[in-house]
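Structure data (PDB, C-alpha atoms) from entry_36.pdb:
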```pdb
ATOM      1  CA  MET A 201    -242.487  40.271 -87.343
ATOM      2  CA  THR A 202    -246.210  40.626 -87.962
ATOM      3  CA  GLY A 203    -246.212  37.689 -90.397
ATOM      4  CA  VAL A 204    -244.221  35.568 -87.978
ATOM      5  CA  ILE A 205    -246.461  36.405 -85.041
ATOM      6  CA  LEU A 206    -249.593  35.716 -87.028
ATOM      7  CA  SER A 207    -248.141  32.337 -88.000
ATOM      8  CA  VAL A 208    -248.566  31.264 -84.387
ATOM      9  CA  LYS A 209    -252.293  31.694 -84.843
ATOM     10  CA  LEU A 210    -252.501  30.522 -88.443
ATOM     11  CA  LEU A 211    -250.564  27.367 -87.601
ATOM     12  CA  PHE A 212    -253.836  25.863 -86.471
ATOM     13  CA  MET A 213    -255.823  26.783 -89.574
ATOM     14  CA  VAL A 214    -256.099  24.774 -92.774
ATOM     15  CA  GLN A 215    -253.596  26.760 -94.774
ATOM     16  CA  THR A 216    -250.203  26.179 -96.402
ATOM     17  CA  ILE A 217    -247.465  27.534 -94.161
ATOM     18  CA  ASN A 218    -243.752  27.841 -94.849
ATOM     19  CA  LEU A 219    -242.257  25.651 -92.098
ATOM     20  CA  ASN A 220    -238.799  27.089 -92.710
ATOM     21  CA  ASN A 221    -240.074  30.535 -91.615
ATOM     22  CA  ILE A 222    -241.556  29.049 -88.469
ATOM     23  CA  ALA A 223    -238.376  27.142 -87.654
ATOM     24  CA  ARG A 224    -236.385  30.384 -87.699
ATOM     25  CA  PHE A 225    -238.622  31.978 -85.051
ATOM     26  CA  ASP A 226    -237.733  31.532 -81.360
ATOM     27  CA  PHE A 227    -241.083  30.836 -79.739
ATOM     28  CA  ASN A 228    -239.564  31.620 -76.331
ATOM     29  CA  LEU A 229    -239.796  35.257 -77.383
ATOM     30  CA  ALA A 230    -243.585  34.934 -77.539
ATOM     31  CA  ILE A 231    -243.575  33.600 -73.969
ATOM     32  CA  ALA A 232    -241.392  36.490 -72.836
ATOM     33  CA  PHE A 233    -243.669  38.957 -74.632
ATOM     34  CA  MET A 234    -246.772  37.611 -72.828
ATOM     35  CA  ALA A 235    -245.042  37.663 -69.442
ATOM     36  CA  ILE A 236    -244.093  41.338 -69.877
ATOM     37  CA  TRP A 237    -247.561  42.094 -71.272
ATOM     38  CA  GLN A 238    -249.308  40.582 -68.259
ATOM     39  CA  GLU A 239    -246.892  41.772 -65.561
ATOM     40  CA  ARG A 240    -246.077  45.215 -67.032
ATOM     41  CA  SER A 241    -242.639  44.739 -65.512
ATOM     42  CA  VAL A 242    -239.383  43.138 -66.696
ATOM     43  CA  SER A 243    -238.423  42.062 -63.170
ATOM     44  CA  ARG A 244    -241.833  40.527 -62.408
ATOM     45  CA  ALA A 245    -241.849  38.798 -65.793
ATOM     46  CA  ALA A 246    -238.431  37.324 -64.958
ATOM     47  CA  ASP A 247    -239.706  36.070 -61.592
ATOM     48  CA  ARG A 248    -242.785  34.563 -63.227
ATOM     49  CA  LEU A 249    -240.692  32.638 -65.772
ATOM     50  CA  SER A 250    -237.935  31.761 -63.262
ATOM     51  CA  LEU A 251    -235.387  33.568 -65.418
ATOM     52  CA  SER A 252    -232.893  36.330 -64.715
ATOM     53  CA  GLN A 253    -233.864  39.931 -65.334
ATOM     54  CA  SER A 254    -231.036  40.211 -67.863
ATOM     55  CA  ALA A 255    -232.479  37.269 -69.832
ATOM     56  CA  ILE A 256    -235.879  38.985 -70.091
ATOM     57  CA  SER A 257    -234.219  42.281 -71.009
ATOM     58  CA  ALA A 258    -232.320  40.494 -73.774
ATOM     59  CA  ALA A 259    -235.538  38.880 -75.009
ATOM     60  CA  LEU A 260    -237.239  42.276 -75.056
ATOM     61  CA  ALA A 261    -234.363  43.715 -77.075
ATOM     62  CA  ARG A 262    -234.760  40.915 -79.653
ATOM     63  CA  LEU A 263    -238.523  41.453 -79.738
ATOM     64  CA  ARG A 264    -238.035  45.167 -80.350
ATOM     65  CA  GLU A 265    -235.563  44.500 -83.153
ATOM     66  CA  ALA A 266    -237.847  41.960 -84.820
ATOM     67  CA  ALA A 267    -240.950  44.163 -84.512
ATOM     68  CA  GLY A 268    -239.215  47.429 -85.381
ATOM     69  CA  ASP A 269    -241.044  48.975 -82.433
ATOM     70  CA  PRO A 270    -240.249  49.685 -78.743
ATOM     71  CA  LEU A 271    -243.277  47.506 -77.769
ATOM     72  CA  PHE A 272    -243.068  48.475 -74.060
ATOM     73  CA  VAL A 273    -242.150  51.927 -72.784
ATOM     74  CA  ARG A 274    -241.060  52.512 -69.207
ATOM     75  CA  THR A 275    -243.325  54.905 -67.300
ATOM     76  CA  ARG A 276    -243.726  55.596 -63.608
ATOM     77  CA  GLY A 277    -244.071  52.188 -61.975
ATOM     78  CA  ALA A 278    -244.848  50.117 -65.094
ATOM     79  CA  MET A 279    -243.906  49.126 -68.630
ATOM     80  CA  GLN A 280    -246.719  50.434 -70.824
ATOM     81  CA  PRO A 281    -247.401  48.692 -74.170
ATOM     82  CA  THR A 282    -247.240  50.648 -77.397
ATOM     83  CA  PRO A 283    -250.120  50.475 -79.917
ATOM     84  CA  ARG A 284    -248.091  47.878 -81.855
ATOM     85  CA  ALA A 285    -247.729  45.681 -78.756
ATOM     86  CA  ILE A 286    -251.459  45.945 -78.075
ATOM     87  CA  GLU A 287    -252.145  44.865 -81.648
ATOM     88  CA  MET A 288    -249.780  41.890 -81.354
ATOM     89  CA  ALA A 289    -250.869  40.696 -77.914
ATOM     90  CA  LYS A 290    -254.213  39.207 -78.913
ATOM     91  CA  SER A 291    -252.722  37.081 -81.714
ATOM     92  CA  ILE A 292    -249.847  35.853 -79.548
ATOM     93  CA  GLU A 293    -252.127  34.969 -76.641
ATOM     94  CA  GLN A 294    -254.651  33.168 -78.813
ATOM     95  CA  GLY A 295    -251.853  31.222 -80.500
ATOM     96  CA  ALA A 296    -250.397  30.176 -77.138
ATOM     97  CA  LEU A 297    -253.818  29.060 -75.919
ATOM     98  CA  LEU A 298    -254.380  27.054 -79.095
ATOM     99  CA  ILE A 299    -251.028  25.328 -78.681
ATOM    100  CA  ARG A 300    -251.804  24.466 -75.068
ATOM    101  CA  GLY A 301    -255.272  23.280 -76.067
ATOM    102  CA  ALA A 302    -253.830  21.039 -78.787
ATOM    103  CA  PHE A 303    -251.628  19.220 -76.295
ATOM    104  CA  ALA A 304    -254.337  19.115 -73.607
ATOM    105  CA  SER A 305    -257.009  17.801 -76.001
ATOM    106  CA  GLY A 306    -258.249  14.390 -74.982
ATOM    107  CA  GLN A 307    -256.562  14.517 -71.590
ATOM    108  CA  ASP A 308    -258.609  14.192 -68.442
ATOM    109  CA  PHE A 309    -258.023  16.287 -65.350
ATOM    110  CA  ASP A 310    -257.502  14.107 -62.278
ATOM    111  CA  PRO A 311    -257.821  16.441 -59.266
ATOM    112  CA  ALA A 312    -256.483  13.806 -56.864
ATOM    113  CA  ALA A 313    -253.198  13.559 -58.780
ATOM    114  CA  ALA A 314    -252.922  16.960 -60.469
ATOM    115  CA  VAL A 315    -250.501  19.707 -59.475
ATOM    116  CA  HIS A 316    -252.252  22.865 -60.608
ATOM    117  CA  HIS A 317    -253.052  26.442 -59.607
ATOM    118  CA  PHE A 318    -256.257  28.329 -60.405
ATOM    119  CA  SER A 319    -256.908  32.061 -60.250
ATOM    120  CA  LEU A 320    -260.530  32.906 -59.493
ATOM    121  CA  GLY A 321    -262.075  36.371 -59.637
ATOM    122  CA  MET A 322    -264.979  37.508 -57.495
ATOM    123  CA  SER A 323    -265.994  40.442 -55.317
ATOM    124  CA  ASP A 324    -265.542  39.959 -51.605
ATOM    125  CA  ASP A 325    -269.226  39.158 -50.995
ATOM    126  CA  PHE A 326    -268.823  36.075 -53.183
ATOM    127  CA  GLN A 327    -265.465  35.318 -51.577
ATOM    128  CA  LEU A 328    -267.211  35.273 -48.181
ATOM    129  CA  ALA A 329    -270.034  33.023 -49.378
ATOM    130  CA  VAL A 330    -268.349  30.768 -51.948
ATOM    131  CA  GLY A 331    -264.599  30.902 -51.305
ATOM    132  CA  PRO A 332    -264.466  28.714 -48.161
ATOM    133  CA  ALA A 333    -266.521  25.961 -49.829
ATOM    134  CA  VAL A 334    -264.173  25.906 -52.831
ATOM    135  CA  SER A 335    -261.071  25.841 -50.629
ATOM    136  CA  LYS A 336    -262.448  23.045 -48.421
ATOM    137  CA  GLN A 337    -263.344  20.935 -51.445
ATOM    138  CA  LEU A 338    -259.778  21.247 -52.736
ATOM    139  CA  LEU A 339    -258.392  20.214 -49.352
ATOM    140  CA  ARG A 340    -260.614  17.137 -49.364
ATOM    141  CA  GLY A 341    -260.137  15.908 -52.908
ATOM    142  CA  ALA A 342    -257.298  17.778 -54.631
ATOM    143  CA  PRO A 343    -254.352  18.025 -52.219
ATOM    144  CA  ASN A 344    -251.892  19.467 -54.756
ATOM    145  CA  VAL A 345    -254.327  21.905 -56.375
ATOM    146  CA  SER A 346    -254.183  25.480 -55.079
ATOM    147  CA  VAL A 347    -256.375  28.503 -55.670
ATOM    148  CA  SER A 348    -256.033  32.255 -55.308
ATOM    149  CA  PHE A 349    -259.023  34.581 -55.070
ATOM    150  CA  HIS A 350    -258.683  37.989 -56.705
ATOM    151  CA  GLN A 351    -260.929  40.943 -55.978
ATOM    152  CA  SER A 352    -262.890  41.710 -59.151
ATOM    153  CA  ASN A 353    -266.180  43.270 -60.174
ATOM    154  CA  ARG A 354    -268.049  44.262 -63.333
ATOM    155  CA  HIS A 355    -265.702  47.220 -63.778
ATOM    156  CA  THR A 356    -262.496  45.146 -63.707
ATOM    157  CA  VAL A 357    -263.317  41.534 -64.608
ATOM    158  CA  GLU A 358    -263.112  41.946 -68.392
ATOM    159  CA  LYS A 359    -259.554  43.265 -68.336
ATOM    160  CA  MET A 360    -258.477  40.666 -65.769
ATOM    161  CA  LEU A 361    -259.801  37.831 -67.923
ATOM    162  CA  ASP A 362    -258.324  39.368 -71.070
ATOM    163  CA  THR A 363    -254.800  39.567 -69.619
ATOM    164  CA  GLY A 364    -254.973  36.027 -68.223
ATOM    165  CA  GLU A 365    -254.882  37.196 -64.616
ATOM    166  CA  LEU A 366    -258.049  35.143 -64.033
ATOM    167  CA  ASP A 367    -258.999  31.642 -65.156
ATOM    168  CA  LEU A 368    -262.622  31.975 -64.092
ATOM    169  CA  ALA A 369    -264.832  34.594 -62.450
ATOM    170  CA  VAL A 370    -268.079  34.692 -60.482
ATOM    171  CA  ILE A 371    -269.997  37.862 -61.205
ATOM    172  CA  ALA A 372    -273.427  39.425 -61.355
ATOM    173  CA  ARG A 373    -274.347  40.596 -64.863
ATOM    174  CA  PRO A 374    -271.206  39.531 -66.752
ATOM    175  CA  PRO A 375    -269.945  41.585 -69.709
ATOM    176  CA  GLU A 376    -271.196  40.444 -73.106
ATOM    177  CA  ARG A 377    -268.180  39.883 -75.324
ATOM    178  CA  SER A 378    -267.720  37.449 -78.196
ATOM    179  CA  TRP A 379    -264.497  36.126 -76.656
ATOM    180  CA  LEU A 380    -266.142  35.346 -73.306
ATOM    181  CA  MET A 381    -268.360  32.452 -72.241
ATOM    182  CA  ALA A 382    -270.919  32.900 -69.443
ATOM    183  CA  GLU A 383    -273.231  30.542 -67.583
ATOM    184  CA  GLN A 384    -275.906  31.706 -65.162
ATOM    185  CA  VAL A 385    -275.763  29.398 -62.153
ATOM    186  CA  SER A 386    -277.854  31.102 -59.462
ATOM    187  CA  GLN A 387    -279.717  34.216 -58.348
ATOM    188  CA  SER A 388    -279.226  36.434 -55.352
ATOM    189  CA  GLY A 389    -281.272  39.099 -53.619
ATOM    190  CA  TYR A 390    -280.848  41.373 -50.609
ATOM    191  CA  ALA A 391    -281.108  41.074 -46.835
ATOM    192  CA  CYS A 392    -280.668  43.343 -43.832
ATOM    193  CA  LEU A 393    -277.846  42.706 -41.358
ATOM    194  CA  PHE A 394    -278.005  44.271 -37.879
ATOM    195  CA  ASP A 395    -277.420  43.838 -34.145
ATOM    196  CA  ALA A 396    -280.918  42.940 -32.915
ATOM    197  CA  GLN A 397    -280.215  43.793 -29.278
ATOM    198  CA  ALA A 398    -278.703  47.190 -30.069
ATOM    199  CA  CYS A 399    -281.432  48.130 -32.555
ATOM    200  CA  GLY A 400    -284.408  46.921 -30.463
ATOM    201  CA  CYS A 401    -286.696  46.741 -33.517
ATOM    202  CA  ASP A 402    -289.683  44.453 -33.875
ATOM    203  CA  LEU A 403    -289.727  41.977 -36.744
ATOM    204  CA  PRO A 404    -290.828  41.969 -39.477
ATOM    205  CA  LEU A 405    -289.078  45.272 -39.907
ATOM    206  CA  SER A 406    -291.342  48.150 -40.946
ATOM    207  CA  LEU A 407    -290.199  50.722 -43.481
ATOM    208  CA  ASP A 408    -290.428  53.499 -40.873
ATOM    209  CA  ASP A 409    -288.235  51.597 -38.398
ATOM    210  CA  TYR A 410    -285.835  50.738 -41.215
ATOM    211  CA  LEU A 411    -285.462  54.373 -42.275
ATOM    212  CA  ALA A 412    -285.162  55.556 -38.675
ATOM    213  CA  LEU A 413    -281.893  53.633 -38.318
ATOM    214  CA  PRO A 414    -278.544  54.920 -39.596
ATOM    215  CA  HIS A 415    -277.359  52.847 -42.567
ATOM    216  CA  ILE A 416    -273.967  51.329 -43.326
ATOM    217  CA  LEU A 417    -273.618  51.399 -47.121
ATOM    218  CA  ILE A 418    -271.404  49.063 -49.120
ATOM    219  CA  SER A 419    -271.039  50.366 -52.654
ATOM    220  CA  TYR A 420    -268.403  50.627 -55.378
ATOM    221  CA  SER A 421    -268.928  54.400 -55.350
ATOM    222  CA  GLY A 422    -269.301  54.524 -51.565
ATOM    223  CA  ARG A 423    -272.164  57.030 -51.873
ATOM    224  CA  GLU A 424    -275.359  55.372 -53.108
ATOM    225  CA  GLY A 425    -276.854  51.916 -53.640
ATOM    226  CA  ILE A 426    -279.934  50.064 -54.836
ATOM    227  CA  VAL A 427    -281.891  50.985 -51.673
ATOM    228  CA  ASP A 428    -281.622  54.671 -52.566
ATOM    229  CA  GLU A 429    -282.766  53.937 -56.120
ATOM    230  CA  LYS A 430    -285.867  52.122 -54.825
ATOM    231  CA  LEU A 431    -286.689  54.766 -52.187
ATOM    232  CA  ARG A 432    -286.525  57.708 -54.582
ATOM    233  CA  PRO A 433    -289.841  56.974 -56.406
ATOM    234  CA  LEU A 434    -291.499  56.618 -52.974
ATOM    235  CA  GLY A 435    -290.376  60.075 -51.972
ATOM    236  CA  ARG A 436    -288.376  58.581 -49.074
ATOM    237  CA  SER A 437    -284.709  58.585 -48.194
ATOM    238  CA  ARG A 438    -282.382  57.039 -45.647
ATOM    239  CA  LYS A 439    -279.501  58.370 -43.589
ATOM    240  CA  ILE A 440    -276.214  56.852 -44.765
ATOM    241  CA  GLN A 441    -273.971  57.177 -41.756
ATOM    242  CA  THR A 442    -270.953  55.274 -43.110
ATOM    243  CA  GLY A 443    -269.938  54.230 -46.614
ATOM    244  CA  LEU A 444    -267.699  51.213 -47.264
ATOM    245  CA  THR A 445    -266.405  49.544 -50.406
ATOM    246  CA  GLN A 446    -265.926  46.016 -48.982
ATOM    247  CA  PHE A 447    -268.301  43.666 -47.187
ATOM    248  CA  ALA A 448    -265.887  41.959 -44.786
ATOM    249  CA  ALA A 449    -265.646  45.061 -42.567
ATOM    250  CA  VAL A 450    -269.425  45.373 -42.028
ATOM    251  CA  PRO A 451    -269.751  43.395 -38.746
ATOM    252  CA  SER A 452    -267.248  45.673 -37.012
ATOM    253  CA  PHE A 453    -269.475  48.645 -37.826
ATOM    254  CA  LEU A 454    -272.691  46.968 -36.619
ATOM    255  CA  ARG A 455    -271.850  45.120 -33.388
ATOM    256  CA  GLY A 456    -273.280  46.982 -30.411
ATOM    257  CA  VAL A 457    -274.569  49.783 -32.632
ATOM    258  CA  ALA A 458    -278.125  50.771 -33.546
ATOM    259  CA  ALA A 459    -277.503  50.721 -37.293
ATOM    260  CA  ILE A 460    -278.345  48.498 -40.249
ATOM    261  CA  SER A 461    -276.807  47.396 -43.526
ATOM    262  CA  THR A 462    -278.593  46.077 -46.609
ATOM    263  CA  ILE A 463    -276.345  43.757 -48.598
ATOM    264  CA  PRO A 464    -276.602  40.742 -50.930
ATOM    265  CA  THR A 465    -278.336  37.826 -49.242
ATOM    266  CA  HIS A 466    -275.374  35.465 -49.603
ATOM    267  CA  ALA A 467    -273.023  37.979 -47.955
ATOM    268  CA  ALA A 468    -275.502  38.668 -45.142
ATOM    269  CA  MET A 469    -275.855  34.941 -44.419
ATOM    270  CA  ALA A 470    -272.088  34.398 -44.420
ATOM    271  CA  LEU A 471    -271.422  37.383 -42.145
ATOM    272  CA  ALA A 472    -274.253  36.446 -39.765
ATOM    273  CA  ARG A 473    -272.735  32.971 -39.313
ATOM    274  CA  ILE A 474    -269.368  34.332 -38.228
ATOM    275  CA  SER A 475    -270.469  37.467 -36.349
ATOM    276  CA  GLY A 476    -273.636  36.595 -34.415
ATOM    277  CA  LEU A 477    -275.537  39.427 -36.096
ATOM    278  CA  GLN A 478    -279.130  38.922 -37.231
ATOM    279  CA  ILE A 479    -280.587  39.020 -40.726
ATOM    280  CA  CYS A 480    -284.082  39.740 -42.009
ATOM    281  CA  PRO A 481    -285.738  40.631 -45.332
ATOM    282  CA  PRO A 482    -285.701  44.331 -46.260
ATOM    283  CA  PRO A 483    -289.047  46.156 -45.907
ATOM    284  CA  LEU A 484    -289.140  47.059 -49.609
ATOM    285  CA  ASP A 485    -288.796  45.030 -52.783
ATOM    286  CA  LEU A 486    -285.211  45.264 -54.019
ATOM    287  CA  GLY A 487    -285.575  42.511 -56.615
ATOM    288  CA  GLN A 488    -283.129  39.776 -57.541
ATOM    289  CA  TYR A 489    -280.190  39.519 -59.910
ATOM    290  CA  PRO A 490    -278.452  36.691 -61.790
ATOM    291  CA  VAL A 491    -275.110  35.243 -60.734
ATOM    292  CA  SER A 492    -272.904  33.812 -63.473
ATOM    293  CA  LEU A 493    -269.615  32.104 -64.144
ATOM    294  CA  VAL A 494    -267.551  33.697 -66.902
ATOM    295  CA  TRP A 495    -264.386  32.521 -68.647
ATOM    296  CA  ARG A 496    -262.529  32.979 -71.910
ATOM    297  CA  ARG A 497    -263.955  31.158 -74.906
ATOM    298  CA  GLU A 498    -260.541  29.666 -75.730
ATOM    299  CA  MET A 499    -260.647  27.785 -72.406
ATOM    300  CA  GLN A 500    -264.017  26.161 -73.041
ATOM    301  CA  ASP A 501    -262.536  22.701 -73.669
ATOM    302  CA  ASP A 502    -259.675  22.903 -71.181
ATOM    303  CA  PRO A 503    -260.255  19.904 -68.843
ATOM    304  CA  ALA A 504    -258.814  21.654 -65.783
ATOM    305  CA  ILE A 505    -260.970  24.754 -66.250
ATOM    306  CA  ALA A 506    -264.026  22.578 -66.914
ATOM    307  CA  TRP A 507    -263.415  20.738 -63.632
ATOM    308  CA  MET A 508    -263.030  23.983 -61.683
ATOM    309  CA  ARG A 509    -266.191  25.385 -63.277
ATOM    310  CA  GLY A 510    -268.096  22.407 -61.918
ATOM    311  CA  LEU A 511    -266.651  22.824 -58.443
ATOM    312  CA  VAL A 512    -267.405  26.570 -58.332
ATOM    313  CA  ARG A 513    -270.860  26.033 -59.857
ATOM    314  CA  ASP A 514    -271.764  23.608 -57.043
ATOM    315  CA  ALA A 515    -270.481  26.036 -54.403
ATOM    316  CA  VAL A 516    -272.419  28.969 -55.850
ATOM    317  CA  GLN A 517    -275.660  26.993 -56.169
ATOM    318  CA  THR A 518    -275.316  25.842 -52.548
ATOM    319  CA  HIS A 519    -274.357  29.131 -50.927
ATOM    320  CA  VAL A 520    -275.790  31.871 -53.152
ATOM    321  CA  VAL A 521    -279.568  32.116 -52.769
ATOM    322  CA  ALA A 522    -282.096  34.834 -53.478
ATOM    323  CA  ASP A 523    -284.163  34.660 -50.273
ATOM    324  CA  ILE A 524    -283.503  34.006 -46.604
TER     325      ILE A 524
END
```
Could you render the structure as structure tokens?
Amino acid sequence: MTGVILSVKLLFMVQTINLNNIARFDFNLAIAFMAIWQERSVSRAADRLSLSQSAISAALARLREAAGDPLFVRTRGAMQPTPRAIEMAKSIEQGALLIRGAFASGQDFDPAAAVHHFSLGMSDDFQLAVGPAVSKQLLRGAPNVSVSFHQSNRHTVEKMLDTGELDLAVIARPPERSWLMAEQVSQSGYACLFDAQACGCDLPLSLDDYLALPHILISYSGREGIVDEKLRPLGRSRKIQTGLTQFAAVPSFLRGVAAISTIPTHAAMALARISGLQICPPPLDLGQYPVSLVWRREMQDDPAIAWMRGLVRDAVQTHVVADI
């Protein structure tokens, strides 16, 4: 099975290949393998391929026989791949992408006529700032193109791109991997979001007034953020009254309350527009950070992905800024 699977990849290299061996292999099994690999479920793989569950189960049985390995083992709530399946997955996926790329080569992507779906990954601060602009652009110029936004961050984006769950991601400080492509498209910084009437503070905000207010923290850990890192060398600290892991909930915690939240500038601007809250620069230098697009290297020349990169790039450069 290993030689057959590798032939999917080697098919596109300048080598002599026995076409009779290839002809005997059912390439539908490779499609079934990738569906189970990505979904970790026979039933979800069947739904994804519009096949019956019994058809996918039969394909898995043939895959197991050919590989001489169980490939996927049922555990609580998921089908977990064996080491052999993990070894095979990369070659099968790369071969499938090469095949798709061979047929797509030279074809243009016409958004006005295309029927296509994109999966974009970004944390909810970027979804707030960039997502609406992307969706509106599709409504205006690509009526049969749809998009889904998936919550991702630097801890999860690599796996989500690797499994094909995402076509493209917007992220700060993307992972450096040889199989990924990244393009820095903007920079962001930090801003304070607060209810001006409830807080009653004079602007510009002094550090003492800032630290006198309770803080609403948004952090992956829910316990500490960049503000705390910058205050520590100054021998100062703040009172974190509430910790959150998502930005969209912040306005509900700030309206009518004497409290403040320090969040990425693009998220603060987006939330201020829809909530009536006020924004101002923080009273200490929190620096800036790069914002990048990241995608799989195999998709570099895919015309659809290239078009979506341009659309997302424009949205990020318009709505993600470092300063207010």
Q.
When you count only C-alpha atoms, which of these residues is closest to Gln238 in chain A: A:Pro414, A:Gly364, A:Gly277, A:Gly268?
A.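 Among the listed residues, the smallest separation from Gln238 in chain A belongs to A:Gly364.
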Can you give me, as an mmCIF file with C-alpha atoms, in the frame of the given file, the residues this file yields under the PyMOL selection byres ((chain A and resi 270-276) around 9)?
```
data_model
loop_
_atom_site.group_PDB
_atom_site.id
_atom_site.type_symbol
_atom_site.label_atom_id
_atom_site.label_comp_id
_atom_site.auth_asym_id
_atom_site.auth_seq_id
_atom_site.Cartn_x
_atom_site.Cartn_y
_atom_site.Cartn_z
ATOM 1 C CA ILE A 236 -244.093 41.338 -69.877
ATOM 2 C CA TRP A 237 -247.561 42.094 -71.272
ATOM 3 C CA ARG A 240 -246.077 45.215 -67.032
ATOM 4 C CA SER A 241 -242.639 44.739 -65.512
ATOM 5 C CA LEU A 260 -237.239 42.276 -75.056
ATOM 6 C CA ALA A 261 -234.363 43.715 -77.075
ATOM 7 C CA LEU A 263 -238.523 41.453 -79.738
ATOM 8 C CA ARG A 264 -238.035 45.167 -80.350
ATOM 9 C CA GLU A 265 -235.563 44.500 -83.153
ATOM 10 C CA ALA A 267 -240.950 44.163 -84.512
ATOM 11 C CA GLY A 268 -239.215 47.429 -85.381
ATOM 12 C CA ASP A 269 -241.044 48.975 -82.433
ATOM 13 C CA GLY A 277 -244.071 52.188 -61.975
ATOM 14 C CA ALA A 278 -244.848 50.117 -65.094
ATOM 15 C CA MET A 279 -243.906 49.126 -68.630
ATOM 16 C CA GLN A 280 -246.719 50.434 -70.824
ATOM 17 C CA PRO A 281 -247.401 48.692 -74.170
ATOM 18 C CA THR A 282 -247.240 50.648 -77.397
ATOM 19 C CA PRO A 283 -250.120 50.475 -79.917
ATOM 20 C CA ARG A 284 -248.091 47.878 -81.855
ATOM 21 C CA ALA A 285 -247.729 45.681 -78.756
ATOM 22 C CA ILE A 286 -251.459 45.945 -78.075
#
```
Q | Polymer residues at most 9 Å from Val516 in chain A, all atoms listed in the file, same-chain spacing of 5 or more positions, as a PyMOL selection string | A | chain A and resi 326+329-330+333+370+385-386+491+511+521
Q.
Let me make sure I understand: among A:Leu405, A:Leu444, A:Ile416, A:Leu361, which one has the smallest atom-to-atom distance to Trp379 in chain A if we use all atoms listed in the file?
A.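 Among the listed residues, the smallest separation from Trp379 in chain A belongs to A:Leu361.
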Q: I would like the residues chosen by the PyMOL selection byres ((chain A and resi 504) around 9) on the shown file; could you give them as a ChimeraX atom specification?
A: /A:308-311,316,318,501-503,505-509
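Going from CA of Ser352 in chain A to CA of Tyr420 in chain A covers 11.1 Å.
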Q) Using all atoms listed in the file, which residue out of A:Val512, A:Val520, A:Gly487, A:Met469 lies closest to Lys336 in chain A? A)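 Among the listed residues, the smallest separation from Lys336 in chain A belongs to A:Val512.
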Q: Rank A:His355, A:Arg473, A:Arg436, A:His317 by their smallest atom-to-atom distance to Pro451 in chain A, using only C-alpha atoms, and report the top residue only.
A: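 Looking only at the distances to Pro451 in chain A, the closest residue turns out to be A:Arg473.
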**Q.** One-decimal distance in Å that lies between CA of Pro483 in chain A and CA of Glu429 in chain A
**A.**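 Between these atoms lies a distance of 14.3 Å.
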Q: Could you please determine the separation between CA of Ala313 in chain A and CA of Gln337 in chain A in Å, to one decimal place?
A: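 Rounded to one decimal, the two atoms are 14.5 Å apart.
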Neighbouring residues of Ser419 in chain A were defined as those with any atom within 7 Å, considering only C-alpha atoms; residues of the same chain fewer than 3 positions away were excluded. Please report them as a tab-separated table (two decimals) with C-alpha atoms, keeping the file's coordinate frame.
```
chain	number	residue	atom	x	y	z
A	422	GLY	CA	-269.30	54.52	-51.56
A	423	ARG	CA	-272.16	57.03	-51.87
A	424	GLU	CA	-275.36	55.37	-53.11
A	425	GLY	CA	-276.85	51.92	-53.64
A	444	LEU	CA	-267.70	51.21	-47.26
A	445	THR	CA	-266.40	49.54	-50.41
```
Q.
At a cut-off of 10 Å, using all atoms listed in the file, what residues contact Ser323 in chain A? Leave out same-chain residues fewer than 6 positions from it and give the result as a PyMOL selection string.
A. chain A and resi 349-354+357+369-372+446-447
Keeping C-alpha atoms for every residue in the selection just given, could you write it to a file as a PDB file, in the coordinates of the input?
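To be explicit, this is the file written out as result_19.pdb:
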```
ATOM      1  CA  PHE A 349    -259.023  34.581 -55.070  1.00  0.00           C
ATOM      2  CA  HIS A 350    -258.683  37.989 -56.705  1.00  0.00           C
ATOM      3  CA  GLN A 351    -260.929  40.943 -55.978  1.00  0.00           C
ATOM      4  CA  SER A 352    -262.890  41.710 -59.151  1.00  0.00           C
ATOM      5  CA  ASN A 353    -266.180  43.270 -60.174  1.00  0.00           C
ATOM      6  CA  ARG A 354    -268.049  44.262 -63.333  1.00  0.00           C
ATOM      7  CA  VAL A 357    -263.317  41.534 -64.608  1.00  0.00           C
ATOM      8  CA  ALA A 369    -264.832  34.594 -62.450  1.00  0.00           C
ATOM      9  CA  VAL A 370    -268.079  34.692 -60.482  1.00  0.00           C
ATOM     10  CA  ILE A 371    -269.997  37.862 -61.205  1.00  0.00           C
ATOM     11  CA  ALA A 372    -273.427  39.425 -61.355  1.00  0.00           C
ATOM     12  CA  GLN A 446    -265.926  46.016 -48.982  1.00  0.00           C
ATOM     13  CA  PHE A 447    -268.301  43.666 -47.187  1.00  0.00           C
TER      14      PHE A 447
END
```
Q: Determine the nearest neighbour of Tyr390 in chain A from the options A:Thr356, A:Ser437, A:Gln253, A:Gln488, counting only C-alpha atoms.
A: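 Answer, going by the shortest atom-to-atom distance: A:Gln488.
You can rank A:Asp408, A:Glu293, A:Asp367, A:Asp247 by their closest distance to Met322 in chain A using all atoms listed in the file, and at the top of that list sits A:Asp367.
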Q. For the file shown, what are the residues hit by the PyMOL selection byres ((chain A and resi 228) around 12), laid out as a list in words?
A. Arg224, Phe225, Asp226, Phe227, Leu229, Ala230, Ile231, Ala232, Phe233, Met234, Ala235, Leu249, Leu251, Ala255, Ile256, Ala258, Ala259, Leu260, Arg262, Leu263, Ile292 and Ala296 of chain A
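Using all atoms listed in the file, every residue with an atom at most 12 Å from the point (-272.1, 36.2, -35.2) is listed here: Leu393, Phe394, Asp395, Ala396, Val450, Pro451, Ser452, Leu454, Arg455, Gly456, Ala468, Met469, Ala470, Leu471, Ala472, Arg473, Ile474, Ser475, Gly476, Leu477, Gln478 and Ile479 of chain A.
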Q | Within 12 Å of Leu484 in chain A using all atoms listed in the file, minus same-chain residues under 4 positions, as a ChimeraX atom specification | A | /A:389-392,404-408,410-411,426-431,434,436,462,480
